[in-house]
Amino acid sequence: MYNVDGEIMIKEIDKNMKDSTNSVDEVKWIDLNNQYLRGLAFSNNFSRLDKNHFVSENVRYLQKHPSGVNITFKTNAKVIKIKAEVDNVSYMSHMTAIGQIGFDLYYLYEDKFVFVATTKINQKSYEVTLLNNLDETEKTFRLYFPLYIGVNEAKIGINNDANLKFYKPQQEKIVIYGTSISQGGCATRPGMSYSNILDRMTNYEFINLGFSGSAHLEEEMAYILKSIPKKYLILEVEANNTTKSLQEKLPKFLDILKDEKIILISHFPHPQVLLYPDLKSAFDINFEFQKQFNNLTFIDGKEMLKEFNYDETVDTTHLTDLGFYFVAKYLKDYLK
């Protein structure tokens with residue numbers, strides 16, 4: 001019950017705190033790297049941009065993180081496992097291991113996808129049982145991929161006598177380009193990023209092109225965004241730009257995308273504006289600058305979360321599940 005330092009191990013006190021485990025069931029493995037993946041605009045190798053795209057070295061690294069990628073399948077399996085190999089174990093202190101490197105499983109119940117299982121484990125390579133002892137009626141599931149790690153391999157395992165069929169609904173696409181918040185920092189698990197919540201709230205397929213710390217409004221990115229057929233383009237970029245870079249780059253960026261239906265979101269609430277007048281002034285200048293653009297829908301990020309009195313983040317900047325849910329709920333009305 002005690003670790004080497006004599007501390008009580010919570011995993012021994014509360015069995016629900018234990019890591020996910022792998023059952024002894026024999027299964028057949030089915031590769032998830034296929035044409036039924038949702039949330040990808042260019043390829044089916046878990047990467048969010050094409051290998052020939054180059055925006056910056058940072059984006060080239062982050063595009064390997066399959067934030068927003070998911071896959072839907074029907075199966076009569078009695079056991080469902082997942083086998084995955086990712087680039088690393090979790091590496092951020094303010095975001096859970098599940099959110100960074102894990103997978104979430106949702107079950108279609110009465111026309112809504114409901115969260116039923118996750119990979120509660122922190123290993124670079126793992127094989128875990130998500131569900132077992134299921135009855136043999138056919139069920140529909142959706143699996144969401146990690147938010148903040150490269151995925152080298154991902155497979156679903158089902159009992160040998162079961163059937164599994166992938167399918168991909170034909171839906172219009174909504175593309176999101178933004179910062180770490182759009183990528184999903186710091187959701188507790190993949191299904192709770194705002195793009196993935198919107199995926200379940202609406203009848204659209206979401207392409208998540210949030211790149212942590214790297215939404216720098218490069219012209220190359222604007223042309224990539226323009227090339228993707230879409231219903232709407234959501235831009236959330238202020239936090240990765242200074243006032244100077246925002247004013248220099250955003251007009252050109254929007255001009256390249258002038259024929260798109262664009263929703264532009266300004267900075268979400270930040271509690272330190274209460275302490276630092278210079279920060280508040282910069283936010284106010286950025287707000288007025290973004291508000292001026294015609295031919296797009298402008299949303300005040302502060303309005304989206306104002307009722308929470310700055311309690312919607314984990315570190316004053318990155319959203320918790322609470323913040324993500326209300327961002328998605330707010331955006332849903334604009335996407336009808």
# chains A, B, ... in the order shown; residues from 1 in each chain; ligands from 1

call {"tool": "residues_around", "arguments": {"residues": "A:Gly323", "least_positions_apart": "4", "cutoff": "7 Å", "atoms": "only C-alpha atoms", "output": "list of chain:residue names"}}
result
A:Leu305, A:Glu312, A:Thr313, A:Leu319, A:Val327

call {"tool": "closest_atom_pairs", "arguments": {"of": "stretch 189-221 of chain A", "to": "stretch 257-271 of chain A", "cutoff": "12 Å", "atoms": "only C-alpha atoms", "output": "JSON lines"}}
result
{"residue": "A:Leu217", "atom": "CA", "partner": "A:Leu257", "partner_atom": "CA", "distance": 11.7}
{"residue": "A:Glu219", "atom": "CA", "partner": "A:Leu257", "partner_atom": "CA", "distance": 10.2}
{"residue": "A:Glu220", "atom": "CA", "partner": "A:Leu257", "partner_atom": "CA", "distance": 11.7}
{"residue": "A:Met221", "atom": "CA", "partner": "A:Leu257", "partner_atom": "CA", "distance": 10.5}

call {"tool": "write_last_selection", "arguments": {"atoms": "N, CA and C atoms", "output": "PDB file, in the first residue's frame"}}
result
ATOM      1  N   LEU A 217      -0.236  33.229 -38.542  1.00  0.00           N
ATOM      2  CA  LEU A 217      -0.860  33.891 -39.695  1.00  0.00           C
ATOM      3  C   LEU A 217       0.055  33.942 -40.913  1.00  0.00           C
ATOM      4  N   GLU A 219       1.232  33.381 -44.643  1.00  0.00           N
ATOM      5  CA  GLU A 219       0.475  33.332 -45.896  1.00  0.00           C
ATOM      6  C   GLU A 219       0.337  31.900 -46.407  1.00  0.00           C
ATOM      7  N   GLU A 220       1.373  31.089 -46.184  1.00  0.00           N
ATOM      8  CA  GLU A 220       1.303  29.692 -46.607  1.00  0.00           C
ATOM      9  C   GLU A 220       0.115  28.989 -45.959  1.00  0.00           C
ATOM     10  N   MET A 221      -0.138  29.291 -44.691  1.00  0.00           N
ATOM     11  CA  MET A 221      -1.264  28.675 -44.002  1.00  0.00           C
ATOM     12  C   MET A 221      -2.588  29.161 -44.573  1.00  0.00           C
TER      13      MET A 221
END

call {"tool": "closest_atom_pairs", "arguments": {"of": "stretch 122-233 of chain A", "to": "stretch 61-70 of chain A", "cutoff": "9 Å", "atoms": "only C-alpha atoms", "output": "Markdown table"}}
result
| residue | atom | partner | partner_atom | distance |
| --- | --- | --- | --- | --- |
| A:Arg142 | CA | A:Asn70 | CA | 6.7 |
| A:Leu143 | CA | A:Asn70 | CA | 5.4 |
| A:Tyr144 | CA | A:Asn70 | CA | 4.4 |
| A:Phe145 | CA | A:Val69 | CA | 5.6 |
| A:Pro146 | CA | A:Ser67 | CA | 6.0 |
| A:Leu147 | CA | A:Ser67 | CA | 4.2 |
| A:Tyr148 | CA | A:His65 | CA | 5.4 |
| A:Ile149 | CA | A:His65 | CA | 4.8 |
| A:Gly150 | CA | A:His65 | CA | 4.6 |
| A:Val151 | CA | A:His65 | CA | 7.0 |
| A:Gln183 | CA | A:Ser67 | CA | 6.1 |
| A:Gly184 | CA | A:Ser67 | CA | 7.1 |
| A:Pro190 | CA | A:Ser67 | CA | 7.6 |
| A:Gly191 | CA | A:Gly68 | CA | 8.5 |
| A:Ser193 | CA | A:Gly68 | CA | 8.0 |
| A:Ser195 | CA | A:Gly68 | CA | 6.5 |
| A:Asn196 | CA | A:Gly68 | CA | 6.0 |
| A:Asp199 | CA | A:Gly68 | CA | 8.7 |
| A:Phe206 | CA | A:Gly68 | CA | 7.0 |
| A:Ile207 | CA | A:Gly68 | CA | 6.5 |
| A:Asn208 | CA | A:Gly68 | CA | 5.3 |
| A:Leu209 | CA | A:Gln63 | CA | 7.9 |
| A:Gly210 | CA | A:Ser67 | CA | 8.0 |
| A:Phe211 | CA | A:Leu62 | CA | 6.1 |
| A:Ser212 | CA | A:Leu62 | CA | 7.3 |
| A:Ser214 | CA | A:Leu62 | CA | 8.8 |

call {"tool": "write_last_selection", "arguments": {"atoms": "N, CA and C atoms", "output": "compact mmCIF listing (two decimals), in the first residue's frame"}}
result
# COMPACT_ATOMS: atom_id res chain seq x y z
N ARG A 142 -17.63 5.81 -31.52
CA ARG A 142 -16.72 6.79 -32.12
C ARG A 142 -15.50 6.91 -31.21
N LEU A 143 -14.32 6.82 -31.82
CA LEU A 143 -13.06 6.88 -31.08
C LEU A 143 -12.33 8.16 -31.42
N TYR A 144 -12.00 8.97 -30.39
CA TYR A 144 -11.26 10.22 -30.58
C TYR A 144 -9.78 10.00 -30.28
N PHE A 145 -8.94 10.61 -31.12
CA PHE A 145 -7.49 10.42 -31.04
C PHE A 145 -6.84 11.45 -30.10
N PRO A 146 -5.58 11.23 -29.72
CA PRO A 146 -4.88 12.14 -28.80
C PRO A 146 -4.77 13.56 -29.34
N LEU A 147 -4.63 14.50 -28.41
CA LEU A 147 -4.58 15.92 -28.74
C LEU A 147 -3.16 16.46 -28.89
N TYR A 148 -2.20 15.86 -28.20
CA TYR A 148 -0.88 16.50 -28.10
C TYR A 148 0.28 15.50 -28.22
N ILE A 149 0.16 14.55 -29.14
CA ILE A 149 1.27 13.62 -29.33
C ILE A 149 1.17 13.03 -30.74
N GLY A 150 2.30 12.72 -31.34
CA GLY A 150 2.28 12.00 -32.61
C GLY A 150 1.89 10.55 -32.39
N VAL A 151 1.07 10.02 -33.29
CA VAL A 151 0.62 8.63 -33.20
C VAL A 151 1.24 7.85 -34.35
N GLN A 183 -6.13 23.62 -30.45
CA GLN A 183 -5.56 22.27 -30.52
C GLN A 183 -6.14 21.38 -29.43
N GLY A 184 -6.52 21.99 -28.29
CA GLY A 184 -7.13 21.20 -27.22
C GLY A 184 -6.48 21.35 -25.87
N PRO A 190 -9.38 13.60 -24.86
CA PRO A 190 -9.56 14.08 -26.23
C PRO A 190 -10.98 14.51 -26.58
N GLY A 191 -11.97 13.82 -26.08
CA GLY A 191 -13.35 14.16 -26.44
C GLY A 191 -13.82 15.49 -25.94
N SER A 193 -12.06 18.57 -26.15
CA SER A 193 -11.66 19.79 -26.85
C SER A 193 -12.90 20.40 -27.48
N SER A 195 -13.52 21.50 -30.45
CA SER A 195 -13.86 20.99 -31.78
C SER A 195 -14.51 19.61 -31.68
N ASN A 196 -14.05 18.78 -30.75
CA ASN A 196 -14.64 17.45 -30.61
C ASN A 196 -16.01 17.50 -29.94
N ASP A 199 -18.24 18.46 -32.67
CA ASP A 199 -18.42 17.29 -33.53
C ASP A 199 -19.64 16.49 -33.10
N PHE A 206 -15.39 18.31 -38.35
CA PHE A 206 -14.49 19.40 -37.97
C PHE A 206 -13.04 19.05 -38.28
N ILE A 207 -12.37 19.97 -38.96
CA ILE A 207 -10.94 19.85 -39.25
C ILE A 207 -10.20 20.77 -38.29
N ASN A 208 -9.51 20.19 -37.33
CA ASN A 208 -8.83 20.97 -36.30
C ASN A 208 -7.40 21.28 -36.76
N LEU A 209 -7.15 22.55 -37.07
CA LEU A 209 -5.81 23.01 -37.40
C LEU A 209 -5.34 24.03 -36.35
N GLY A 210 -5.55 23.65 -35.10
CA GLY A 210 -4.96 24.42 -34.00
C GLY A 210 -3.53 23.96 -33.79
N PHE A 211 -2.60 24.92 -33.76
CA PHE A 211 -1.18 24.60 -33.62
C PHE A 211 -0.61 25.38 -32.43
N SER A 212 -0.28 24.65 -31.40
CA SER A 212 0.09 25.23 -30.11
C SER A 212 1.24 26.24 -30.23
N SER A 214 1.69 28.47 -32.32
CA SER A 214 2.20 28.60 -33.69
C SER A 214 1.18 29.10 -34.70

call {"tool": "select_by_dssp", "arguments": {"residues": "stretch 186-295 of chain A", "states": "strand (DSSP E)", "output": "list in words"}}
result
Glu205, Phe206, Ile207, Asn208, Leu209, Gly210, Tyr232, Leu233, Ile234, Leu235, Glu236, Ile262, Ile263, Leu264 and Ile265 of chain A

call {"tool": "atom_distance", "arguments": {"atom1": "atom CA of A:Gly157", "atom2": "atom CA of A:Lys83"}}
result
7.4 Å

call {"tool": "residues_around", "arguments": {"residues": "A:Asn159", "least_positions_apart": "5", "cutoff": "12 Å", "atoms": "only C-alpha atoms", "output": "list in words"}}
result
Ser23, Val24, Asp25, Glu26, Val27, Lys28, Trp29, Ile30, Thr75, Asn76, Ala77, Lys78, Val79, Ile80, Lys81, Thr129, Leu131, Asn132, Asn133, Leu134, Glu136 and Leu164 of chain A

call {"tool": "atom_distance", "arguments": {"atom1": "atom CA of A:Lys173", "atom2": "atom CA of A:Gly102"}}
result
24.6 Å

call {"tool": "residues_around", "arguments": {"residues": "A:Cys186", "least_positions_apart": "6", "cutoff": "9 Å", "atoms": "only C-alpha atoms", "output": "list in words"}}
result
His94, Met95, Thr96, Gly99, Gln100, Ser180, Ser193, Thr313, Val314, His318, Leu319, Thr320 and Asp321 of chain A

call {"tool": "write_last_selection", "arguments": {"atoms": "N, CA and C atoms", "output": "short mmCIF file (atom, residue, chain, number, x, y, z; two decimals), in the first residue's frame"}}
result
data_model
loop_
_atom_site.label_atom_id
_atom_site.label_comp_id
_atom_site.auth_asym_id
_atom_site.auth_seq_id
_atom_site.Cartn_x
_atom_site.Cartn_y
_atom_site.Cartn_z
N HIS A 94 0.43 20.54 -16.67
CA HIS A 94 -0.88 21.15 -16.51
C HIS A 94 -1.94 20.52 -17.40
N MET A 95 -1.63 19.34 -18.00
CA MET A 95 -2.59 18.64 -18.84
C MET A 95 -2.48 17.15 -18.56
N THR A 96 -3.61 16.47 -18.47
CA THR A 96 -3.59 15.06 -18.11
C THR A 96 -2.90 14.20 -19.17
N GLY A 99 -5.44 13.34 -21.91
CA GLY A 99 -5.64 14.41 -22.87
C GLY A 99 -4.50 14.51 -23.87
N GLN A 100 -3.28 14.29 -23.38
CA GLN A 100 -2.12 14.40 -24.26
C GLN A 100 -1.96 13.20 -25.18
N SER A 180 -3.04 26.99 -29.18
CA SER A 180 -3.08 25.81 -28.33
C SER A 180 -4.48 25.52 -27.83
N SER A 193 -12.06 18.57 -26.15
CA SER A 193 -11.66 19.79 -26.85
C SER A 193 -12.90 20.40 -27.48
N THR A 313 -10.09 28.33 -16.78
CA THR A 313 -8.78 27.89 -17.26
C THR A 313 -8.05 27.08 -16.20
N VAL A 314 -7.01 26.38 -16.65
CA VAL A 314 -6.17 25.62 -15.74
C VAL A 314 -4.96 26.45 -15.28
N HIS A 318 -5.11 28.39 -20.69
CA HIS A 318 -5.64 27.20 -21.35
C HIS A 318 -6.92 26.72 -20.66
N LEU A 319 -7.88 26.34 -21.47
CA LEU A 319 -9.21 26.05 -20.95
C LEU A 319 -9.30 24.67 -20.30
N THR A 320 -10.16 24.59 -19.30
CA THR A 320 -10.58 23.32 -18.74
C THR A 320 -11.75 22.79 -19.57
N ASP A 321 -12.22 21.60 -19.22
CA ASP A 321 -13.38 21.04 -19.91
C ASP A 321 -14.59 21.97 -19.81
#

call {"tool": "select_by_dssp", "arguments": {"residues": "stretch 159-258 of chain A", "states": "helix (DSSP H, G or I)", "output": "ChimeraX atom specification"}}
result
/A:180-183,190-192,194-201,219-226,238-240,243-256

call {"tool": "residues_around", "arguments": {"residues": "A:Ile174", "least_positions_apart": "4", "cutoff": "7 Å", "atoms": "only C-alpha atoms", "output": "CSV table (one decimal) with C-alpha atoms, in the first residue's frame"}}
result
chain,number,residue,atom,x,y,z
A,204,TYR,CA,-20.6,18.8,-39.4
A,205,GLU,CA,-17.1,17.2,-39.7
A,206,PHE,CA,-14.5,19.4,-38.0
A,207,ILE,CA,-10.9,19.8,-39.3
A,230,LYS,CA,-15.7,24.0,-46.1
A,231,LYS,CA,-18.9,25.5,-44.8
A,232,TYR,CA,-17.2,27.8,-42.3
A,233,LEU,CA,-13.7,28.8,-41.2

call {"tool": "closest_residue", "arguments": {"among": "A:Asn295, A:Leu331, A:Gly301, A:Ala41", "to": "A:Pro229", "atoms": "only C-alpha atoms"}}
result
A:Ala41

call {"tool": "residues_around", "arguments": {"residues": "stretch 274-281 of chain A", "least_positions_apart": "3", "cutoff": "12 Å", "atoms": "only C-alpha atoms", "output": "list of chain:residue names"}}
result
A:Ala239, A:Thr242, A:Thr243, A:His267, A:Pro269, A:His270, A:Pro271, A:Asp284, A:Ile285, A:Asn286, A:Phe287, A:Glu288, A:Asn309, A:Tyr310, A:Thr316

call {"tool": "write_last_selection", "arguments": {"atoms": "C-alpha atoms", "output": "PDB file, in the first residue's frame"}}
result
ATOM      1  CA  ALA A 239      -3.037  34.732 -28.391  1.00  0.00           C
ATOM      2  CA  THR A 242       1.693  40.513 -30.725  1.00  0.00           C
ATOM      3  CA  THR A 243      -0.351  43.603 -31.458  1.00  0.00           C
ATOM      4  CA  HIS A 267      -8.947  36.546 -26.944  1.00  0.00           C
ATOM      5  CA  PRO A 269     -10.905  36.113 -20.727  1.00  0.00           C
ATOM      6  CA  HIS A 270      -7.522  36.456 -19.018  1.00  0.00           C
ATOM      7  CA  PRO A 271      -7.502  37.268 -15.272  1.00  0.00           C
ATOM      8  CA  ASP A 284      -8.341  46.268 -25.861  1.00  0.00           C
ATOM      9  CA  ILE A 285      -6.330  47.392 -28.899  1.00  0.00           C
ATOM     10  CA  ASN A 286      -6.434  43.884 -30.396  1.00  0.00           C
ATOM     11  CA  PHE A 287     -10.173  43.673 -29.770  1.00  0.00           C
ATOM     12  CA  GLU A 288     -10.942  46.910 -31.566  1.00  0.00           C
ATOM     13  CA  ASN A 309     -15.409  34.899 -13.340  1.00  0.00           C
ATOM     14  CA  TYR A 310     -12.072  33.660 -14.819  1.00  0.00           C
ATOM     15  CA  THR A 316      -5.022  31.592 -16.643  1.00  0.00           C
TER      16      THR A 316
END

call {"tool": "residues_around", "arguments": {"residues": "A:Ile256", "least_positions_apart": "3", "cutoff": "9 Å", "atoms": "only C-alpha atoms", "output": "ChimeraX atom specification"}}
result
/A:219,222-223,226,251-253,259

call {"tool": "write_last_selection", "arguments": {"atoms": "C-alpha atoms", "output": "PDB file, in the first residue's frame"}}
result
ATOM      1  CA  GLU A 219       0.475  33.332 -45.896  1.00  0.00           C
ATOM      2  CA  ALA A 222      -3.890  30.953 -45.510  1.00  0.00           C
ATOM      3  CA  TYR A 223      -3.495  29.236 -48.882  1.00  0.00           C
ATOM      4  CA  LYS A 226      -8.316  28.199 -48.736  1.00  0.00           C
ATOM      5  CA  PRO A 251      -5.430  41.864 -43.070  1.00  0.00           C
ATOM      6  CA  LYS A 252      -3.391  40.012 -45.697  1.00  0.00           C
ATOM      7  CA  PHE A 253      -4.444  36.671 -44.237  1.00  0.00           C
ATOM      8  CA  ASP A 259     -14.433  34.446 -50.275  1.00  0.00           C
TER       9      ASP A 259
END

call {"tool": "closest_residue", "arguments": {"among": "A:Ile224, A:Glu248, A:Ile10, A:Thr179", "to": "A:Asn52", "atoms": "only C-alpha atoms"}}
result
A:Ile224

call {"tool": "atom_distance", "arguments": {"atom1": "atom CA of A:Ile82", "atom2": "atom CA of A:Ile156"}}
result
4.7 Å
